[in-house]
Amino acid sequence: MHSNTVTLVNPNLVHPPITPYALDILTTSLEAAGFEVEVLDLTLDREHWRAAVARYFARRDPLLVGVTIRNTDTIYPQEQRVFLDSHREIIRAIRRGTTAPVVGGGVGFSSMPFALVDYFGIDFGVKGPGEVTLVELAMALAKGKATDDVPGLIVRDQDGSVRQVPHLSRQISIGRAALVNRTTAYLRRSGTPGKVDNLAYYRRGGLGNILTKNGCTFACAHCVEPDAKGGQFARRAEAAVVDEMEALTGQGVHDLHTTDSEFNLNIAHSKAVLREIVRRKRADTSSPLHRLRLWIYVQPAPFDDEYAELLAEAGCAGINVAPDHVRDEVLDGWKITGKGTRFYTYDDVRRLCQLARRHGMLTMVEALLGMPGETAETMRACVDGLLALDATVVGYTLGIRAFPYSPLGRDLATRSGGERPVPGVQSNTATGPILLKPLALCDGRVEYERQFMFGPDGELRPVYYFSPDLPEGRTHQRPGDRWLTSLELLWEWVPPAERHRVMLPTAPGLTPEDNNYADNPFLLRLTELGYKGAYWSHWPLRERIMSGQPVP
């Protein structure tokens, strides 16, 4: 007979380590339902993960094992590094140690859940928020009931086929707000055996994290989050969010980064959270919230004077804003609301940067180059436009990862029809033309999702898109074209005097200039030296930091 224990595994072996917030969220709901929860965290023991897995399951016989897949790959176009093979190796080691069923989840997993249930050979999967579904699954297993009674659960049958139990309604299936705990704070711990150690992650990674709302109602062409997380905003109670912030800052985790799709979308709720932080700080001079440094993701709009003032008083240290481009003809039909309308202009970006500087907050402005319609002319305009902003750091990415259910991915599959290579579709590991089929022409979702990550031979082959109207790279005859000419132009267009505050993509291979997160030499050096906060905030001083010179 199995125990009442649910084991949650973090298989992320990438450093600097990112706190597995999802496991705190799931632990909160499972414990509230009466289950014992233990976290097997392999990130902080990545050099010895095999021994850690064997040691744990030699003494534990859980009811259920949950594995969170935060990222399937780096999504960095010039590197195209995939994590799924290492995740599968870890899951196979878990399988050797226990007969307990395994369920997968997480935002990366949710971008292609049917294909990953099949690839990992696991029993179940959860697409989107898992806190309700996982509890219902654990309850069914504990009572010996059929798992077909768990709405939304993805199931791998004995014949290997993968299917999904219907949700209770179409609204829940698409929006998923009903699957999120919006009323209570998530339990955040530090130093408690068998739980996520938030302070250890902060000390080794420089950031904690906080969720104020889940899901997104917008429909940006490149983004997976409305599909992977849910197409509605699941707004958490302001008091619960700030309770969590106060708990973390009280534990010594002072730098918190929002994990919302974008913090300022649904701005009334965002302002309410900030007002609650400000209220508590004013009411209690001893509150640990006075040590809070908040780092946020936002879109250029909405963002007004009141919002900037609230952010500053709440303790916001830095703002990562994603206009993605400056040219309207490129952004039209790409950065849009759920109704298909644009919601900001370049002037909004300029004003945001000015407001942030006025209130003492740092800014990182990011561009995403290479989307449909991009040319050398529009790319140059974007480089010049963002450099002209009063921003602390400017970053450029060249190319975009195509996922099965992003609007871009669906469009590429429709245009290809399984017969025609679509200009601009690319993968460094492709050995032939990349053909994509729309879902209607596939034999189910496993086949549809797999083609965005695997080639016909079953080898890993993530799919990327680079506008075919950009200058072609030196090796443009090969399927693995990396568009090196466009990359070289980016470096040419950024004046040397500006390079200290600019993140530019690099050719394959890690260097101190590389702005990819995974195992980045500069980031690893930052965390080794004890720097805290968003890594981009230290980017202008990277040469001094890497050389070991004193930094003010």
# chains A, B, ... in the order shown; residues from 1 in each chain; ligands from 1
$ select_by_dssp --residues "segment 192-422 of chain A" --states "strand (DSSP E)" --output "VMD selection string"
chain A and resid 208 to 210 213 to 214 234 to 235 255 to 258 293 to 298 316 to 324 362 to 369 393 to 398 400 to 401
$ residues_around --residues "Lys437 of chain A" --least-positions-apart "2" --cutoff "9 Å" --atoms "only C-alpha atoms" --output "PDB file with N, CA and C atoms, in the first residue's frame"
ATOM      1  N   LEU A 412       2.383  28.855 -39.291  1.00  0.00           N
ATOM      2  CA  LEU A 412       3.430  28.171 -40.066  1.00  0.00           C
ATOM      3  C   LEU A 412       2.969  26.778 -40.486  1.00  0.00           C
ATOM      4  N   ALA A 413       2.269  26.080 -39.581  1.00  0.00           N
ATOM      5  CA  ALA A 413       1.776  24.743 -39.917  1.00  0.00           C
ATOM      6  C   ALA A 413       0.726  24.811 -41.024  1.00  0.00           C
ATOM      7  N   THR A 414      -0.134  25.810 -40.963  1.00  0.00           N
ATOM      8  CA  THR A 414      -1.163  25.972 -42.000  1.00  0.00           C
ATOM      9  C   THR A 414      -0.526  26.281 -43.348  1.00  0.00           C
ATOM     10  N   ARG A 415       0.463  27.166 -43.351  1.00  0.00           N
ATOM     11  CA  ARG A 415       1.111  27.544 -44.603  1.00  0.00           C
ATOM     12  C   ARG A 415       1.910  26.398 -45.207  1.00  0.00           C
ATOM     13  N   SER A 416       2.503  25.582 -44.351  1.00  0.00           N
ATOM     14  CA  SER A 416       3.278  24.443 -44.853  1.00  0.00           C
ATOM     15  C   SER A 416       2.362  23.331 -45.353  1.00  0.00           C
ATOM     16  N   GLY A 417       1.285  23.061 -44.616  1.00  0.00           N
ATOM     17  CA  GLY A 417       0.350  22.013 -45.007  1.00  0.00           C
ATOM     18  C   GLY A 417       0.974  20.632 -45.098  1.00  0.00           C
ATOM     19  N   GLY A 418       2.150  20.451 -44.483  1.00  0.00           N
ATOM     20  CA  GLY A 418       2.839  19.167 -44.540  1.00  0.00           C
ATOM     21  C   GLY A 418       3.523  18.900 -45.860  1.00  0.00           C
ATOM     22  N   GLU A 419       3.493  19.867 -46.774  1.00  0.00           N
ATOM     23  CA  GLU A 419       4.029  19.653 -48.122  1.00  0.00           C
ATOM     24  C   GLU A 419       5.059  20.686 -48.545  1.00  0.00           C
ATOM     25  N   LEU A 435       8.903  20.383 -42.744  1.00  0.00           N
ATOM     26  CA  LEU A 435       7.504  20.389 -43.156  1.00  0.00           C
ATOM     27  C   LEU A 435       6.634  20.257 -41.910  1.00  0.00           C
ATOM     28  N   LEU A 439      -3.010  20.792 -37.252  1.00  0.00           N
ATOM     29  CA  LEU A 439      -3.581  19.768 -36.395  1.00  0.00           C
ATOM     30  C   LEU A 439      -4.598  18.912 -37.129  1.00  0.00           C
ATOM     31  N   ALA A 440      -5.395  19.527 -37.988  1.00  0.00           N
ATOM     32  CA  ALA A 440      -6.453  18.792 -38.693  1.00  0.00           C
ATOM     33  C   ALA A 440      -5.901  17.689 -39.588  1.00  0.00           C
ATOM     34  N   LEU A 441      -4.634  17.805 -40.026  1.00  0.00           N
ATOM     35  CA  LEU A 441      -4.039  16.798 -40.904  1.00  0.00           C
ATOM     36  C   LEU A 441      -3.190  15.788 -40.139  1.00  0.00           C
ATOM     37  N   CYS A 442      -3.111  15.962 -38.820  1.00  0.00           N
ATOM     38  CA  CYS A 442      -2.297  15.064 -37.998  1.00  0.00           C
ATOM     39  C   CYS A 442      -3.153  13.979 -37.364  1.00  0.00           C
ATOM     40  N   TYR A 448       1.045  16.278 -33.889  1.00  0.00           N
ATOM     41  CA  TYR A 448       1.084  17.712 -34.181  1.00  0.00           C
ATOM     42  C   TYR A 448       2.167  18.408 -33.356  1.00  0.00           C
ATOM     43  N   GLN A 451       6.233  17.616 -34.091  1.00  0.00           N
ATOM     44  CA  GLN A 451       6.944  18.149 -35.253  1.00  0.00           C
ATOM     45  C   GLN A 451       7.607  19.505 -34.973  1.00  0.00           C
TER      46      GLN A 451
END
$ closest_atom_pairs --of "segment 432-543 of chain A" --to "segment 104-114 of chain A" --cutoff "10 Å" --atoms "only C-alpha atoms" --output "JSON lines"
{"residue": "A:Gly444", "atom": "CA", "partner": "A:Phe114", "partner_atom": "CA", "distance": 9.1}
{"residue": "A:Arg445", "atom": "CA", "partner": "A:Phe114", "partner_atom": "CA", "distance": 6.2}
{"residue": "A:Val446", "atom": "CA", "partner": "A:Phe114", "partner_atom": "CA", "distance": 5.1}
{"residue": "A:Glu447", "atom": "CA", "partner": "A:Phe114", "partner_atom": "CA", "distance": 8.7}
{"residue": "A:Tyr448", "atom": "CA", "partner": "A:Met112", "partner_atom": "CA", "distance": 9.1}
{"residue": "A:Glu449", "atom": "CA", "partner": "A:Met112", "partner_atom": "CA", "distance": 5.6}
{"residue": "A:Arg450", "atom": "CA", "partner": "A:Met112", "partner_atom": "CA", "distance": 7.8}
{"residue": "A:Phe452", "atom": "CA", "partner": "A:Met112", "partner_atom": "CA", "distance": 8.9}
{"residue": "A:Met453", "atom": "CA", "partner": "A:Met112", "partner_atom": "CA", "distance": 9.1}
$ residues_around --residues "Leu13 of chain A" --least-positions-apart "2" --cutoff "10 Å" --atoms "only C-alpha atoms" --output "MDAnalysis selection string"
chainID A and resid 10:11 15:18 41:47 49 83 86:87 518:519
$ write_last_selection --atoms "all heavy atoms" --output "compact mmCIF listing (two decimals), in the first residue's frame"
# COMPACT_ATOMS: atom_id res chain seq x y z
N ASN A 10 12.11 18.57 -9.10
CA ASN A 10 12.60 19.64 -9.95
C ASN A 10 13.80 19.11 -10.74
O ASN A 10 14.88 18.92 -10.18
CB ASN A 10 13.02 20.85 -9.12
CG ASN A 10 13.60 21.97 -9.98
OD1 ASN A 10 13.37 22.02 -11.18
ND2 ASN A 10 14.35 22.87 -9.37
N PRO A 11 13.65 18.85 -12.07
CA PRO A 11 14.73 18.26 -12.86
C PRO A 11 15.59 19.30 -13.59
O PRO A 11 16.42 18.93 -14.43
CB PRO A 11 13.96 17.42 -13.87
CG PRO A 11 12.74 18.27 -14.17
CD PRO A 11 12.41 18.97 -12.86
N HIS A 15 21.99 26.38 -14.49
CA HIS A 15 22.40 27.40 -13.52
C HIS A 15 22.63 28.71 -14.24
O HIS A 15 22.94 28.70 -15.43
CB HIS A 15 23.66 26.95 -12.78
CG HIS A 15 23.37 26.02 -11.64
ND1 HIS A 15 24.17 25.91 -10.54
CD2 HIS A 15 22.35 25.15 -11.43
CE1 HIS A 15 23.69 25.02 -9.69
NE2 HIS A 15 22.59 24.53 -10.23
N PRO A 16 22.52 29.88 -13.61
CA PRO A 16 22.16 30.08 -12.21
C PRO A 16 20.79 29.49 -11.89
O PRO A 16 19.89 29.52 -12.74
CB PRO A 16 22.16 31.60 -12.05
CG PRO A 16 23.02 32.11 -13.15
CD PRO A 16 22.79 31.16 -14.28
N PRO A 17 20.62 28.97 -10.68
CA PRO A 17 19.36 28.29 -10.35
C PRO A 17 18.19 29.25 -10.24
O PRO A 17 18.33 30.36 -9.71
CB PRO A 17 19.68 27.64 -9.00
CG PRO A 17 20.79 28.46 -8.41
CD PRO A 17 21.60 28.95 -9.57
N ILE A 18 17.05 28.83 -10.75
CA ILE A 18 15.81 29.61 -10.66
C ILE A 18 14.87 28.88 -9.72
O ILE A 18 14.59 27.69 -9.91
CB ILE A 18 15.17 29.77 -12.05
CG1 ILE A 18 16.12 30.51 -12.99
CG2 ILE A 18 13.83 30.50 -11.94
CD1 ILE A 18 15.65 30.56 -14.42
N ASP A 41 14.73 18.15 -5.03
CA ASP A 41 15.23 19.27 -5.84
C ASP A 41 16.61 18.94 -6.38
O ASP A 41 17.60 18.91 -5.64
CB ASP A 41 15.27 20.53 -4.99
CG ASP A 41 15.41 21.79 -5.84
OD1 ASP A 41 15.84 21.67 -7.00
OD2 ASP A 41 15.07 22.87 -5.34
N LEU A 42 16.68 18.69 -7.68
CA LEU A 42 17.94 18.28 -8.29
C LEU A 42 18.77 19.46 -8.79
O LEU A 42 19.95 19.30 -9.11
CB LEU A 42 17.66 17.31 -9.45
CG LEU A 42 16.85 16.07 -9.07
CD1 LEU A 42 16.61 15.20 -10.29
CD2 LEU A 42 17.53 15.28 -7.96
N THR A 43 18.18 20.64 -8.86
CA THR A 43 18.91 21.80 -9.36
C THR A 43 20.11 22.11 -8.48
O THR A 43 21.21 22.39 -8.98
CB THR A 43 17.99 23.03 -9.43
OG1 THR A 43 16.90 22.75 -10.30
CG2 THR A 43 18.74 24.24 -9.96
N LEU A 44 19.91 22.11 -7.18
CA LEU A 44 20.98 22.46 -6.26
C LEU A 44 21.94 21.31 -6.01
O LEU A 44 22.91 21.45 -5.26
CB LEU A 44 20.39 22.95 -4.94
CG LEU A 44 19.48 24.19 -5.05
CD1 LEU A 44 18.99 24.63 -3.67
CD2 LEU A 44 20.20 25.35 -5.75
N ASP A 45 21.68 20.17 -6.65
CA ASP A 45 22.55 18.99 -6.51
C ASP A 45 22.80 18.39 -7.89
O ASP A 45 22.84 17.18 -8.05
CB ASP A 45 21.88 17.97 -5.58
CG ASP A 45 22.88 16.96 -5.00
OD1 ASP A 45 24.10 17.24 -5.05
OD2 ASP A 45 22.44 15.90 -4.53
N ARG A 46 22.95 19.27 -8.88
CA ARG A 46 22.94 18.80 -10.27
C ARG A 46 24.13 17.90 -10.62
O ARG A 46 24.03 17.08 -11.53
CB ARG A 46 22.87 19.98 -11.24
CG ARG A 46 24.07 20.90 -11.27
CD ARG A 46 23.93 21.87 -12.42
NE ARG A 46 25.04 22.81 -12.52
CZ ARG A 46 25.25 23.63 -13.54
NH1 ARG A 46 24.41 23.60 -14.57
NH2 ARG A 46 26.26 24.47 -13.56
N GLU A 47 25.25 18.04 -9.92
CA GLU A 47 26.41 17.20 -10.23
C GLU A 47 26.21 15.77 -9.74
O GLU A 47 26.91 14.86 -10.19
CB GLU A 47 27.66 17.80 -9.59
CG GLU A 47 27.98 19.23 -10.02
CD GLU A 47 28.18 19.36 -11.52
OE1 GLU A 47 28.65 18.38 -12.15
OE2 GLU A 47 27.87 20.43 -12.06
N TRP A 49 22.90 14.25 -9.30
CA TRP A 49 21.46 14.01 -9.32
C TRP A 49 21.13 12.53 -9.34
O TRP A 49 20.11 12.09 -8.77
CB TRP A 49 20.80 14.76 -10.47
CG TRP A 49 21.09 14.25 -11.86
CD1 TRP A 49 21.97 14.76 -12.75
CD2 TRP A 49 20.46 13.14 -12.52
NE1 TRP A 49 21.96 14.05 -13.92
CE2 TRP A 49 21.04 13.04 -13.81
CE3 TRP A 49 19.48 12.22 -12.16
CZ2 TRP A 49 20.66 12.06 -14.73
CZ3 TRP A 49 19.10 11.24 -13.06
CH2 TRP A 49 19.69 11.16 -14.33
N PHE A 83 16.52 20.81 -23.45
CA PHE A 83 16.70 20.16 -22.16
C PHE A 83 15.95 18.83 -22.04
O PHE A 83 16.07 18.13 -21.03
CB PHE A 83 16.20 21.08 -21.04
CG PHE A 83 16.82 22.44 -21.02
CD1 PHE A 83 16.04 23.57 -20.88
CD2 PHE A 83 18.19 22.59 -21.15
CE1 PHE A 83 16.60 24.83 -20.86
CE2 PHE A 83 18.77 23.86 -21.13
CZ PHE A 83 17.97 24.98 -20.99
N SER A 86 17.79 15.45 -21.08
CA SER A 86 18.21 15.31 -19.69
C SER A 86 17.01 15.09 -18.78
O SER A 86 17.08 14.33 -17.81
CB SER A 86 19.02 16.52 -19.22
OG SER A 86 18.21 17.68 -19.14
N HIS A 87 15.88 15.74 -19.09
CA HIS A 87 14.66 15.53 -18.31
C HIS A 87 14.20 14.07 -18.43
O HIS A 87 13.79 13.45 -17.43
CB HIS A 87 13.54 16.46 -18.78
CG HIS A 87 13.78 17.91 -18.48
ND1 HIS A 87 14.58 18.34 -17.46
CD2 HIS A 87 13.30 19.04 -19.06
CE1 HIS A 87 14.60 19.66 -17.43
NE2 HIS A 87 13.83 20.10 -18.39
N ALA A 518 20.99 30.40 -19.76
CA ALA A 518 21.42 29.08 -19.30
C ALA A 518 22.93 28.94 -19.24
O ALA A 518 23.62 29.02 -20.27
CB ALA A 518 20.82 28.01 -20.21
N ASP A 519 23.46 28.72 -18.04
CA ASP A 519 24.88 28.50 -17.81
C ASP A 519 25.75 29.60 -18.42
O ASP A 519 26.85 29.35 -18.91
CB ASP A 519 25.31 27.12 -18.35
CG ASP A 519 24.60 26.00 -17.61
OD1 ASP A 519 24.67 25.98 -16.37
OD2 ASP A 519 23.97 25.15 -18.27
$ closest_atom_pairs --of "segment 198-263 of chain A" --to "segment 350-373 of chain A" --cutoff "12 Å" --atoms "only C-alpha atoms" --output "CSV"
residue,atom,partner,partner_atom,distance
A:Cys220,CA,A:Met371,CA,11.6
A:Ala221,CA,A:Met371,CA,9.2
A:His222,CA,A:Met371,CA,8.5
A:Cys223,CA,A:Leu368,CA,11.8
$ residues_around --residues "segment 230-235 of chain A" --least-positions-apart "6" --cutoff "10 Å" --atoms "only C-alpha atoms" --output "PyMOL selection string"
chain A and resi 127-129+171-183+211-219+224+241+260-261+265-266+269-270+338
$ write_last_selection --atoms "C-alpha atoms" --output "PDB file, in the first residue's frame"
ATOM      1  CA  LYS A 127      -1.653  21.444 -19.041  1.00  0.00           C
ATOM      2  CA  GLY A 128      -1.740  24.827 -17.330  1.00  0.00           C
ATOM      3  CA  PRO A 129      -2.216  25.486 -13.607  1.00  0.00           C
ATOM      4  CA  GLN A 171     -14.500  28.238 -20.348  1.00  0.00           C
ATOM      5  CA  ILE A 172     -12.344  26.311 -17.882  1.00  0.00           C
ATOM      6  CA  SER A 173     -10.551  24.550 -20.737  1.00  0.00           C
ATOM      7  CA  ILE A 174      -9.548  27.839 -22.369  1.00  0.00           C
ATOM      8  CA  GLY A 175      -9.405  30.333 -19.513  1.00  0.00           C
ATOM      9  CA  ARG A 176      -8.304  28.045 -16.629  1.00  0.00           C
ATOM     10  CA  ALA A 177      -8.779  30.787 -14.020  1.00  0.00           C
ATOM     11  CA  ALA A 178     -10.929  28.339 -12.038  1.00  0.00           C
ATOM     12  CA  LEU A 179      -7.884  26.069 -11.696  1.00  0.00           C
ATOM     13  CA  VAL A 180      -5.864  28.666  -9.767  1.00  0.00           C
ATOM     14  CA  ASN A 181      -5.889  29.253  -6.000  1.00  0.00           C
ATOM     15  CA  ARG A 182      -6.592  32.984  -5.955  1.00  0.00           C
ATOM     16  CA  THR A 183      -7.493  33.471  -2.298  1.00  0.00           C
ATOM     17  CA  LEU A 211       3.014  35.598  -8.940  1.00  0.00           C
ATOM     18  CA  THR A 212       0.235  38.193  -8.749  1.00  0.00           C
ATOM     19  CA  LYS A 213      -1.960  36.780 -11.515  1.00  0.00           C
ATOM     20  CA  ASN A 214      -1.896  33.806 -13.850  1.00  0.00           C
ATOM     21  CA  GLY A 215      -2.769  33.599 -17.531  1.00  0.00           C
ATOM     22  CA  CYS A 216      -3.110  36.276 -20.203  1.00  0.00           C
ATOM     23  CA  THR A 217      -5.973  37.579 -22.357  1.00  0.00           C
ATOM     24  CA  PHE A 218      -3.687  38.966 -25.072  1.00  0.00           C
ATOM     25  CA  ALA A 219      -2.815  37.224 -28.348  1.00  0.00           C
ATOM     26  CA  VAL A 224       2.743  30.507 -25.700  1.00  0.00           C
ATOM     27  CA  VAL A 241       0.232  38.203  -2.692  1.00  0.00           C
ATOM     28  CA  ASP A 260       3.123  37.172 -14.371  1.00  0.00           C
ATOM     29  CA  SER A 261       2.946  37.163 -18.155  1.00  0.00           C
ATOM     30  CA  LEU A 265      -1.686  44.092 -17.922  1.00  0.00           C
ATOM     31  CA  ASN A 266      -4.946  44.371 -15.989  1.00  0.00           C
ATOM     32  CA  HIS A 269      -5.202  44.748 -10.122  1.00  0.00           C
ATOM     33  CA  SER A 270      -1.500  45.557 -10.414  1.00  0.00           C
ATOM     34  CA  GLY A 338      -7.333  39.257 -27.693  1.00  0.00           C
TER      35      GLY A 338
END
$ atom_distance --atom1 "atom CA of Gln251 of chain A" --atom2 "atom CA of Thr5 of chain A"
26.5 Å
$ residues_around --residues "segment 324-334 of chain A" --least-positions-apart "5" --cutoff "12 Å" --atoms "only C-alpha atoms" --output "PyMOL selection string"
chain A and resi 218-223+298-300+339-350+364-375+377-389+394-400+406-408+467
$ select_by_dssp --residues "segment 91-306 of chain A" --states "helix (DSSP H, G or I)" --output "number ranges by chain"
A: 91-97, 107-110, 113-120, 131-143, 147-149, 170-175, 177-179, 198-205, 225-229, 238-250, 267-283, 288-291, 305-306
